[in-house]
Amino acid sequence: MQIQENYALTAHNSFGVACVARYFTELRDSKDCDALVLWRTQTPETPLLLIGGGSNMLFQDDFKGLAVAVQLLGRQCIREDDEAFYVQASGGENWHEFVRWTIDQGYAGLENLSLIPGTVGAAPMQNIGAYGVELADRFHCLQALDLHTGERREFNQVDCQFGYRDSFFKSQQPDRWLIESVTFRLARQPQWVIAYAGVEDVLKGQTLTSRGISDAIIALRQSKLPDPAVIGNAGSFFKNPIISVEQWDELKAEYPNLPGYAIANNDLEKKTSAAWLIEQCNWKGYRLDDAGVYEKHALVLVNHGSASGNELWALAQQIISSVEAKFRITLEAEPRVIV
């Protein structure tokens with residue numbers, strides 16, 4: 001494991017925010033991972049930050065510790081039975097490329113999660129989801145390394161404590177566990193999930209296949225979301241808020257077009273659309289210097305060139321305040337804000 005000093009992280013965050021890490025290293029194999037554990041025990045006071053694709057973080061300032069880019073690669077079907085294939089990928093694998101690879105191999109189940117930026121190892125941290133499917137729906141187990149003790153442990157579904165864009169690794173012990181690999185259970189007889197806004201219309205009349213659904217979702221995402229390689233962004237910046245049924249009924253009476261979505265096994269709360277709330281507050285297409293809101297999707301904050309992390313976060317705070325004032329709903333940021 002080689003450590004570099006004063007390393008630019010601009011290419012390691014999809015917002016393209018200019019920032020520098022005091023120290024930087026890459027993990028390419030298990031020996032590098034073990035070396036990181038040794039470094040952690042020798043320098044316990046130095047902050048450590050694990051970076052996958054950098055698509056779910058916003059740097060407010062330079063990072064004063066060790067930034068670690070996870071580059072562990074590998075993917076394979078480790079076993080199969082009469083009901084499912086068990087497909088494993090290393091933590092540094094590009095998520096979208098892994099999804100397309102599973103499709104090429106004839107494994108269905110991840111097609112709805114096509115074109116989500118980031119890496120396989122970062123996906124369970126966020127419990128990524130799109131178009132009616134969450135990672136937790138296809139998850140079997142993961143292997144993680146405790147950077148404090150050097151213990152390697154397998155986590156099952158319960159251990160991961162998956163929630164809406166949340167997990168044990170994100171909310172309770174960030175940067176302690178390095179996710180080395182993730183295993184997915186992909187059913188031999190797929191249950192297609194297409195009853196979602198836009199998806200069903202695009203696929204109407206087609207014979208459903210994993211590739212066809214993936215292609216349709218890629219086209220939909222590209223029509224609404226900016227490419228980070230063209231304009232800096234982290235995808236959806238705010239979580240869709242979950243509110244009580246009583247509050248939703250009150251708001252629905254005041255705003256008849258307010259979207260509402262049922263939550264499985266939960267009759268007391270509803271999910272509503274953060275994008276709709278933000279758009280009603282006239283933020284869509286807003287720009288101040290190089291920090292802005294994407295013109296095609298109100299949920300996406302963008303860096304038009306040289307916006308700082310502080311400028312983007314200040315804009316996020318203004319949006320949160322205006323939505324709270326108008327709808328009495330407090331939005332929550334989806335990306336991790338690194339201070």
# chains A, B, ... in the order shown; residues from 1 in each chain; ligands from 1

$ select_by_dssp --residues "region 104-265 of chain A" --states "strand (DSSP E or B)" --output "PyMOL selection string"
chain A and resi 119+129-130+133-134+139-146+152-155+163+166+177-187+232-236+238+242-244+261-263

$ write_last_selection --atoms "N, CA and C atoms" --output "compact mmCIF listing (two decimals), in the first residue's frame"
# COMPACT_ATOMS: atom_id res chain seq x y z
N THR A 119 -19.80 2.12 -7.06
CA THR A 119 -19.17 0.80 -7.06
C THR A 119 -20.03 -0.22 -6.31
N GLY A 129 -31.35 2.16 -4.84
CA GLY A 129 -32.62 1.71 -5.37
C GLY A 129 -33.08 2.58 -6.52
N ALA A 130 -33.89 2.01 -7.39
CA ALA A 130 -34.45 2.76 -8.51
C ALA A 130 -35.54 1.94 -9.17
N VAL A 133 -37.05 -1.22 -7.31
CA VAL A 133 -36.18 -2.27 -6.78
C VAL A 133 -35.09 -1.63 -5.93
N GLU A 134 -34.83 -2.21 -4.76
CA GLU A 134 -33.70 -1.82 -3.93
C GLU A 134 -32.68 -2.94 -3.90
N PHE A 139 -30.15 -8.91 -2.38
CA PHE A 139 -28.95 -9.13 -1.57
C PHE A 139 -28.96 -10.51 -0.91
N HIS A 140 -27.78 -11.13 -0.88
CA HIS A 140 -27.63 -12.40 -0.15
C HIS A 140 -26.71 -12.22 1.06
N CYS A 141 -25.48 -11.74 0.84
CA CYS A 141 -24.55 -11.49 1.94
C CYS A 141 -23.40 -10.64 1.43
N LEU A 142 -22.56 -10.16 2.34
CA LEU A 142 -21.35 -9.45 1.94
C LEU A 142 -20.23 -9.82 2.90
N GLN A 143 -19.02 -9.62 2.42
CA GLN A 143 -17.83 -9.87 3.22
C GLN A 143 -17.17 -8.53 3.48
N ALA A 144 -16.89 -8.24 4.75
CA ALA A 144 -16.32 -6.95 5.12
C ALA A 144 -15.17 -7.13 6.09
N LEU A 145 -14.23 -6.20 6.01
CA LEU A 145 -13.04 -6.20 6.86
C LEU A 145 -13.16 -5.08 7.89
N ASP A 146 -13.04 -5.43 9.16
CA ASP A 146 -13.06 -4.45 10.24
C ASP A 146 -11.69 -3.78 10.30
N ARG A 152 -12.32 -10.33 9.57
CA ARG A 152 -13.15 -10.44 8.37
C ARG A 152 -14.45 -11.14 8.75
N ARG A 153 -15.56 -10.53 8.34
CA ARG A 153 -16.87 -11.01 8.79
C ARG A 153 -17.86 -11.04 7.65
N GLU A 154 -18.74 -12.04 7.67
CA GLU A 154 -19.83 -12.09 6.70
C GLU A 154 -21.08 -11.46 7.31
N PHE A 155 -21.72 -10.59 6.57
CA PHE A 155 -22.95 -9.92 7.00
C PHE A 155 -24.12 -10.45 6.17
N GLY A 163 -32.29 0.07 5.30
CA GLY A 163 -33.43 0.95 5.36
C GLY A 163 -33.50 1.73 4.07
N ASP A 166 -30.25 3.55 3.33
CA ASP A 166 -29.52 3.50 4.59
C ASP A 166 -29.12 2.07 4.90
N TRP A 177 -15.84 -0.37 8.42
CA TRP A 177 -15.91 -1.63 7.69
C TRP A 177 -15.63 -1.41 6.21
N LEU A 178 -14.64 -2.12 5.70
CA LEU A 178 -14.34 -2.10 4.26
C LEU A 178 -15.07 -3.27 3.61
N ILE A 179 -16.02 -2.99 2.73
CA ILE A 179 -16.78 -4.04 2.06
C ILE A 179 -15.92 -4.58 0.91
N GLU A 180 -15.43 -5.81 1.09
CA GLU A 180 -14.52 -6.40 0.10
C GLU A 180 -15.27 -7.07 -1.05
N SER A 181 -16.44 -7.64 -0.77
CA SER A 181 -17.24 -8.25 -1.83
C SER A 181 -18.70 -8.36 -1.40
N VAL A 182 -19.58 -8.45 -2.40
CA VAL A 182 -21.01 -8.56 -2.17
C VAL A 182 -21.55 -9.71 -3.01
N THR A 183 -22.43 -10.52 -2.42
CA THR A 183 -23.04 -11.63 -3.14
C THR A 183 -24.54 -11.39 -3.27
N PHE A 184 -25.05 -11.58 -4.48
CA PHE A 184 -26.46 -11.35 -4.79
C PHE A 184 -27.14 -12.67 -5.11
N ARG A 185 -28.38 -12.77 -4.69
CA ARG A 185 -29.21 -13.95 -5.03
C ARG A 185 -30.15 -13.55 -6.15
N LEU A 186 -29.91 -14.11 -7.34
CA LEU A 186 -30.67 -13.75 -8.53
C LEU A 186 -31.50 -14.95 -8.97
N ALA A 187 -32.81 -14.82 -8.88
CA ALA A 187 -33.73 -15.93 -9.10
C ALA A 187 -33.68 -16.44 -10.54
N GLY A 232 -20.98 18.09 -13.24
CA GLY A 232 -20.81 17.49 -11.93
C GLY A 232 -22.12 17.35 -11.17
N ASN A 233 -22.38 16.16 -10.63
CA ASN A 233 -23.58 15.93 -9.82
C ASN A 233 -23.44 14.60 -9.09
N ALA A 234 -24.32 14.36 -8.14
CA ALA A 234 -24.32 13.11 -7.38
C ALA A 234 -25.66 12.41 -7.52
N GLY A 235 -26.33 12.62 -8.66
CA GLY A 235 -27.65 12.04 -8.85
C GLY A 235 -28.65 12.69 -7.91
N SER A 236 -29.61 11.92 -7.44
CA SER A 236 -30.63 12.47 -6.54
C SER A 236 -29.96 12.97 -5.26
N PHE A 238 -31.64 14.55 -2.64
CA PHE A 238 -32.51 14.45 -1.47
C PHE A 238 -33.29 13.15 -1.49
N ILE A 242 -40.65 10.56 3.95
CA ILE A 242 -41.70 9.70 4.47
C ILE A 242 -42.43 10.46 5.58
N ILE A 243 -43.73 10.61 5.42
CA ILE A 243 -44.51 11.39 6.38
C ILE A 243 -45.71 10.57 6.84
N SER A 244 -46.32 11.01 7.92
CA SER A 244 -47.50 10.30 8.44
C SER A 244 -48.66 10.43 7.46
N TYR A 261 -47.12 7.67 -2.18
CA TYR A 261 -46.84 6.27 -2.50
C TYR A 261 -46.94 5.43 -1.24
N ALA A 262 -47.64 4.31 -1.36
CA ALA A 262 -47.78 3.40 -0.22
C ALA A 262 -46.43 2.78 0.12
N ILE A 263 -46.23 2.46 1.38
CA ILE A 263 -45.03 1.80 1.86
C ILE A 263 -45.40 0.39 2.30

$ residues_around --residues "region 330-335 of chain A" --least-positions-apart "3" --cutoff "8 Å" --atoms "only C-alpha atoms" --output "PyMOL selection string"
chain A and resi 55-58+165+234+236-241+274+320-321+323-324

$ write_last_selection --atoms "N, CA, C and O atoms" --output "tab-separated table (two decimals), in the first residue's frame"
chain	number	residue	atom	x	y	z
A	55	SER	N	-19.57	8.92	-5.94
A	55	SER	CA	-20.83	9.44	-6.48
A	55	SER	C	-21.86	9.73	-5.40
A	55	SER	O	-22.98	10.13	-5.72
A	56	ASN	N	-21.50	9.54	-4.16
A	56	ASN	CA	-22.46	9.78	-3.10
A	56	ASN	C	-21.85	10.59	-1.96
A	56	ASN	O	-22.11	10.34	-0.80
A	57	MET	N	-21.00	11.57	-2.34
A	57	MET	CA	-20.39	12.40	-1.31
A	57	MET	C	-20.19	13.81	-1.83
A	57	MET	O	-20.05	14.05	-3.03
A	58	LEU	N	-20.21	14.74	-0.89
A	58	LEU	CA	-19.96	16.15	-1.20
A	58	LEU	C	-18.90	16.66	-0.24
A	58	LEU	O	-19.11	16.66	0.98
A	165	ARG	N	-32.41	4.02	1.66
A	165	ARG	CA	-31.11	4.64	1.36
A	165	ARG	C	-30.21	4.65	2.60
A	165	ARG	O	-29.51	5.62	2.87
A	234	ALA	N	-24.32	14.36	-8.14
A	234	ALA	CA	-24.32	13.11	-7.38
A	234	ALA	C	-25.66	12.41	-7.52
A	234	ALA	O	-26.10	11.69	-6.63
A	236	SER	N	-29.61	11.92	-7.44
A	236	SER	CA	-30.63	12.47	-6.54
A	236	SER	C	-29.96	12.97	-5.26
A	236	SER	O	-29.31	12.20	-4.56
A	237	PHE	N	-30.17	14.24	-4.94
A	237	PHE	CA	-29.50	14.81	-3.77
A	237	PHE	C	-30.32	14.67	-2.50
A	237	PHE	O	-29.77	14.64	-1.40
A	238	PHE	N	-31.64	14.55	-2.64
A	238	PHE	CA	-32.51	14.45	-1.47
A	238	PHE	C	-33.29	13.15	-1.49
A	238	PHE	O	-33.72	12.68	-2.54
A	239	LYS	N	-33.51	12.58	-0.31
A	239	LYS	CA	-34.36	11.41	-0.18
A	239	LYS	C	-35.83	11.82	-0.36
A	239	LYS	O	-36.21	12.93	0.01
A	240	ASN	N	-36.62	10.91	-0.90
A	240	ASN	CA	-38.06	11.15	-0.91
A	240	ASN	C	-38.56	11.05	0.53
A	240	ASN	O	-38.35	10.03	1.19
A	241	PRO	N	-39.21	12.09	1.04
A	241	PRO	CA	-39.58	12.09	2.46
A	241	PRO	C	-40.72	11.13	2.76
A	241	PRO	O	-41.61	10.90	1.94
A	274	ALA	N	-39.77	14.19	-3.31
A	274	ALA	CA	-38.93	15.36	-3.00
A	274	ALA	C	-38.82	16.26	-4.23
A	274	ALA	O	-38.82	17.49	-4.11
A	320	ILE	N	-33.85	23.13	1.43
A	320	ILE	CA	-34.45	22.49	2.61
A	320	ILE	C	-35.34	23.47	3.37
A	320	ILE	O	-36.47	23.16	3.76
A	321	SER	N	-34.82	24.70	3.55
A	321	SER	CA	-35.58	25.72	4.31
A	321	SER	C	-36.87	26.10	3.60
A	321	SER	O	-37.92	26.26	4.24
A	323	VAL	N	-38.66	24.35	1.37
A	323	VAL	CA	-39.62	23.24	1.38
A	323	VAL	C	-40.26	23.10	2.76
A	323	VAL	O	-41.48	22.89	2.89
A	324	GLU	N	-39.46	23.27	3.79
A	324	GLU	CA	-39.98	23.17	5.15
A	324	GLU	C	-40.99	24.29	5.43
A	324	GLU	O	-42.05	24.07	6.04

$ closest_atom_pairs --of "region 6-29 of chain A" --to "region 290-299 of chain A" --cutoff "12 Å" --atoms "only C-alpha atoms" --output "tab-separated table"
residue	atom	partner	partner_atom	distance
A:Phe15	CA	A:Ala291	CA	10.4
A:Gly16	CA	A:Asp290	CA	11.6
A:Val17	CA	A:Ala291	CA	10.7

$ select_by_dssp --residues "region 98-333 of chain A" --states "alpha helix (DSSP H)" --output "MDAnalysis selection string"
chainID A and resid 98:104 123:126 157:160 168:171 199:203 210:224 245:254 274:280 309:327

$ write_last_selection --atoms "C-alpha atoms" --output "short mmCIF file (atom, residue, chain, number, x, y, z; two decimals), in the first residue's frame"
data_model
loop_
_atom_site.label_atom_id
_atom_site.label_comp_id
_atom_site.auth_asym_id
_atom_site.auth_seq_id
_atom_site.Cartn_x
_atom_site.Cartn_y
_atom_site.Cartn_z
CA PHE A 98 -21.41 -5.30 -13.10
CA VAL A 99 -25.17 -5.08 -13.73
CA ARG A 100 -24.66 -5.32 -17.49
CA TRP A 101 -22.27 -8.24 -16.99
CA THR A 102 -24.92 -10.16 -15.02
CA ILE A 103 -27.33 -9.59 -17.89
CA ASP A 104 -24.75 -10.85 -20.40
CA ALA A 123 -24.05 0.02 -3.11
CA PRO A 124 -25.11 -1.73 0.12
CA MET A 125 -23.95 1.20 2.24
CA GLN A 126 -26.58 3.35 0.55
CA GLN A 157 -29.55 -9.28 5.37
CA VAL A 158 -30.42 -8.76 9.03
CA ASP A 159 -26.87 -7.74 9.96
CA CYS A 160 -26.87 -4.99 7.33
CA PHE A 168 -25.63 -0.33 9.29
CA PHE A 169 -22.49 0.73 7.41
CA LYS A 170 -23.76 4.21 6.64
CA SER A 171 -25.62 5.20 9.78
CA VAL A 199 -41.13 2.17 -17.33
CA GLU A 200 -44.38 0.35 -18.10
CA ASP A 201 -45.22 2.75 -20.94
CA VAL A 202 -41.84 2.32 -22.61
CA LEU A 203 -42.05 -1.48 -22.44
CA SER A 210 -33.56 -8.39 -18.49
CA ARG A 211 -31.69 -6.58 -21.26
CA GLY A 212 -34.81 -4.90 -22.59
CA ILE A 213 -35.77 -3.57 -19.16
CA SER A 214 -32.18 -2.43 -18.55
CA ASP A 215 -32.06 -0.62 -21.91
CA ALA A 216 -35.38 1.11 -21.18
CA ILE A 217 -34.23 2.26 -17.75
CA ILE A 218 -30.92 3.50 -19.12
CA ALA A 219 -32.79 5.59 -21.70
CA LEU A 220 -35.14 6.97 -19.03
CA ARG A 221 -32.29 7.87 -16.68
CA GLN A 222 -30.33 9.53 -19.48
CA SER A 223 -33.37 11.57 -20.47
CA LYS A 224 -33.75 12.99 -16.95
CA VAL A 245 -50.74 9.51 6.66
CA GLU A 246 -52.40 12.29 8.66
CA GLN A 247 -49.88 14.87 7.45
CA TRP A 248 -50.16 13.59 3.90
CA ASP A 249 -53.98 13.88 4.00
CA GLU A 250 -53.73 17.44 5.30
CA LEU A 251 -51.26 18.44 2.58
CA LYS A 252 -53.27 16.61 -0.10
CA ALA A 253 -56.31 18.68 0.80
CA GLU A 254 -54.22 21.83 0.35
CA ALA A 274 -38.93 15.36 -3.00
CA ALA A 275 -38.60 16.46 -6.64
CA TRP A 276 -42.25 17.61 -6.71
CA LEU A 277 -41.87 19.55 -3.46
CA ILE A 278 -38.69 21.27 -4.69
CA GLU A 279 -40.22 22.12 -8.03
CA GLN A 280 -43.24 23.70 -6.32
CA GLY A 309 -18.65 22.15 -1.83
CA ASN A 310 -19.68 24.95 0.52
CA GLU A 311 -21.60 26.70 -2.26
CA LEU A 312 -23.45 23.51 -3.19
CA TRP A 313 -24.25 22.75 0.44
CA ALA A 314 -25.46 26.32 1.01
CA LEU A 315 -27.84 25.87 -1.94
CA ALA A 316 -29.05 22.58 -0.47
CA GLN A 317 -29.77 24.32 2.84
CA GLN A 318 -31.80 27.01 1.08
CA ILE A 319 -33.87 24.35 -0.67
CA ILE A 320 -34.45 22.49 2.61
CA SER A 321 -35.58 25.72 4.31
CA SER A 322 -38.00 26.70 1.55
CA VAL A 323 -39.62 23.24 1.38
CA GLU A 324 -39.98 23.17 5.15
CA ALA A 325 -41.58 26.62 5.18
CA LYS A 326 -44.08 25.76 2.44
CA PHE A 327 -44.95 22.12 3.20
#

$ closest_residue --among "A:Leu49, A:Glu151, A:Leu73, A:Gln189" --to "Tyr107 (chain A)" --atoms "only C-alpha atoms"
A:Gln189

$ atom_distance --atom1 "CA of Asp81 (chain A)" --atom2 "CA of Glu111 (chain A)"
21.0 Å

$ closest_residue --among "A:Asp61, A:Gly285, A:Val193, A:Val87" --to "Gly106 (chain A)" --atoms "only C-alpha atoms"
A:Val87

$ atom_distance --atom1 "CA of Tyr286 (chain A)" --atom2 "CA of Tyr164 (chain A)"
27.7 Å

$ atom_distance --atom1 "CA of Glu80 (chain A)" --atom2 "CA of Arg188 (chain A)"
9.3 Å

$ residues_around --residues "region 1-13 of chain A" --least-positions-apart "2" --cutoff "8 Å" --atoms "only C-alpha atoms" --output "ChimeraX atom specification"
/A:15-27,31-32,35-36,51,53-58

$ write_last_selection --atoms "N, CA, C and O atoms" --output "tab-separated table (two decimals), in the first residue's frame"
chain	number	residue	atom	x	y	z
A	15	PHE	N	-19.23	15.17	-8.16
A	15	PHE	CA	-19.55	16.59	-8.24
A	15	PHE	C	-18.42	17.38	-8.92
A	15	PHE	O	-18.62	18.52	-9.35
A	16	GLY	N	-17.23	16.78	-8.97
A	16	GLY	CA	-16.09	17.48	-9.54
A	16	GLY	C	-15.64	18.65	-8.71
A	16	GLY	O	-15.04	19.61	-9.22
A	17	VAL	N	-15.89	18.60	-7.40
A	17	VAL	CA	-15.48	19.67	-6.49
A	17	VAL	C	-13.97	19.60	-6.29
A	17	VAL	O	-13.42	18.52	-6.03
A	18	ALA	N	-13.30	20.71	-6.40
A	18	ALA	CA	-11.85	20.77	-6.20
A	18	ALA	C	-11.53	20.67	-4.72
A	18	ALA	O	-11.96	21.51	-3.92
A	19	CYS	N	-10.81	19.62	-4.34
A	19	CYS	CA	-10.39	19.45	-2.95
A	19	CYS	C	-9.17	18.53	-2.93
A	19	CYS	O	-8.87	17.84	-3.90
A	20	VAL	N	-8.47	18.56	-1.80
A	20	VAL	CA	-7.22	17.81	-1.67
A	20	VAL	C	-7.26	16.96	-0.41
A	20	VAL	O	-7.76	17.41	0.64
A	21	ALA	N	-6.75	15.75	-0.50
A	21	ALA	CA	-6.61	14.89	0.68
A	21	ALA	C	-5.19	15.01	1.20
A	21	ALA	O	-4.22	15.00	0.42
A	22	ARG	N	-5.05	15.10	2.53
A	22	ARG	CA	-3.70	15.15	3.12
A	22	ARG	C	-2.91	13.90	2.76
A	22	ARG	O	-1.73	13.97	2.43
A	23	TYR	N	-3.59	12.75	2.78
A	23	TYR	CA	-2.97	11.49	2.38
A	23	TYR	C	-3.95	10.73	1.47
A	23	TYR	O	-5.17	10.87	1.59
A	24	PHE	N	-3.41	9.88	0.61
A	24	PHE	CA	-4.24	9.14	-0.33
A	24	PHE	C	-3.59	7.80	-0.65
A	24	PHE	O	-2.36	7.70	-0.77
A	25	THR	N	-4.43	6.76	-0.78
A	25	THR	CA	-3.91	5.46	-1.21
A	25	THR	C	-5.00	4.71	-1.97
A	25	THR	O	-6.18	5.08	-1.93
A	26	GLU	N	-4.60	3.64	-2.65
A	26	GLU	CA	-5.53	2.78	-3.38
A	26	GLU	C	-5.41	1.35	-2.85
A	26	GLU	O	-4.31	0.90	-2.51
A	27	LEU	N	-6.52	0.66	-2.79
A	27	LEU	CA	-6.54	-0.75	-2.39
A	27	LEU	C	-6.84	-1.60	-3.62
A	27	LEU	O	-7.90	-1.45	-4.23
A	31	LYS	N	-3.73	-7.86	0.28
A	31	LYS	CA	-2.53	-7.40	0.99
A	31	LYS	C	-2.62	-5.91	1.29
A	31	LYS	O	-2.23	-5.46	2.37
A	32	ASP	N	-3.14	-5.15	0.33
A	32	ASP	CA	-3.34	-3.71	0.57
A	32	ASP	C	-4.34	-3.49	1.70
A	32	ASP	O	-4.18	-2.60	2.54
A	35	ALA	N	-2.69	-4.13	4.93
A	35	ALA	CA	-1.77	-3.03	5.24
A	35	ALA	C	-2.54	-1.82	5.77
A	35	ALA	O	-2.04	-1.09	6.64
A	36	LEU	N	-3.76	-1.62	5.27
A	36	LEU	CA	-4.58	-0.50	5.75
A	36	LEU	C	-4.98	-0.73	7.21
A	36	LEU	O	-5.01	0.23	8.00
A	51	ILE	N	-13.47	5.61	-0.33
A	51	ILE	CA	-14.10	6.15	-1.53
A	51	ILE	C	-14.31	5.03	-2.54
A	51	ILE	O	-13.38	4.30	-2.88
A	53	GLY	N	-16.92	5.03	-5.98
A	53	GLY	CA	-16.94	5.84	-7.20
A	53	GLY	C	-17.02	7.32	-6.90
A	53	GLY	O	-16.99	8.14	-7.82
A	54	GLY	N	-17.16	7.69	-5.62
A	54	GLY	CA	-17.25	9.11	-5.26
A	54	GLY	C	-18.55	9.75	-5.69
A	54	GLY	O	-18.65	10.98	-5.77
A	55	SER	N	-19.57	8.92	-5.94
A	55	SER	CA	-20.83	9.44	-6.48
A	55	SER	C	-21.86	9.73	-5.40
A	55	SER	O	-22.98	10.13	-5.72
A	56	ASN	N	-21.50	9.54	-4.16
A	56	ASN	CA	-22.46	9.78	-3.10
A	56	ASN	C	-21.85	10.59	-1.96
A	56	ASN	O	-22.11	10.34	-0.80
A	57	MET	N	-21.00	11.57	-2.34
A	57	MET	CA	-20.39	12.40	-1.31
A	57	MET	C	-20.19	13.81	-1.83
A	57	MET	O	-20.05	14.05	-3.03
A	58	LEU	N	-20.21	14.74	-0.89
A	58	LEU	CA	-19.96	16.15	-1.20
A	58	LEU	C	-18.90	16.66	-0.24
A	58	LEU	O	-19.11	16.66	0.98

$ decode --residues "region 291-319 of chain A" --atoms "C-alpha atoms" --output "mmCIF file, in the first residue's frame"
data_model
loop_
_atom_site.group_PDB
_atom_site.id
_atom_site.type_symbol
_atom_site.label_atom_id
_atom_site.label_comp_id
_atom_site.auth_asym_id
_atom_site.auth_seq_id
_atom_site.Cartn_x
_atom_site.Cartn_y
_atom_site.Cartn_z
ATOM 1 C CA ALA A 291 -24.009 25.934 -8.177
ATOM 2 C CA GLY A 292 -27.444 25.029 -9.429
ATOM 3 C CA VAL A 293 -30.435 22.720 -9.732
ATOM 4 C CA TYR A 294 -30.660 20.667 -12.908
ATOM 5 C CA GLU A 295 -33.131 22.071 -15.426
ATOM 6 C CA LYS A 296 -34.634 18.651 -16.207
ATOM 7 C CA HIS A 297 -34.904 17.268 -12.667
ATOM 8 C CA ALA A 298 -35.399 19.266 -9.481
ATOM 9 C CA LEU A 299 -33.875 16.523 -7.324
ATOM 10 C CA VAL A 300 -30.400 16.941 -8.819
ATOM 11 C CA LEU A 301 -27.912 19.563 -7.650
ATOM 12 C CA VAL A 302 -25.236 20.332 -10.230
ATOM 13 C CA ASN A 303 -21.803 21.900 -10.428
ATOM 14 C CA HIS A 304 -21.694 23.935 -13.627
ATOM 15 C CA GLY A 305 -17.923 24.245 -13.425
ATOM 16 C CA SER A 306 -16.120 25.534 -10.364
ATOM 17 C CA ALA A 307 -18.699 25.511 -7.574
ATOM 18 C CA SER A 308 -17.226 24.722 -4.185
ATOM 19 C CA GLY A 309 -18.654 22.146 -1.831
ATOM 20 C CA ASN A 310 -19.678 24.948 0.523
ATOM 21 C CA GLU A 311 -21.600 26.697 -2.256
ATOM 22 C CA LEU A 312 -23.448 23.509 -3.191
ATOM 23 C CA TRP A 313 -24.246 22.748 0.438
ATOM 24 C CA ALA A 314 -25.463 26.321 1.009
ATOM 25 C CA LEU A 315 -27.838 25.872 -1.940
ATOM 26 C CA ALA A 316 -29.050 22.576 -0.467
ATOM 27 C CA GLN A 317 -29.766 24.318 2.837
ATOM 28 C CA GLN A 318 -31.801 27.009 1.078
ATOM 29 C CA ILE A 319 -33.872 24.347 -0.670
#
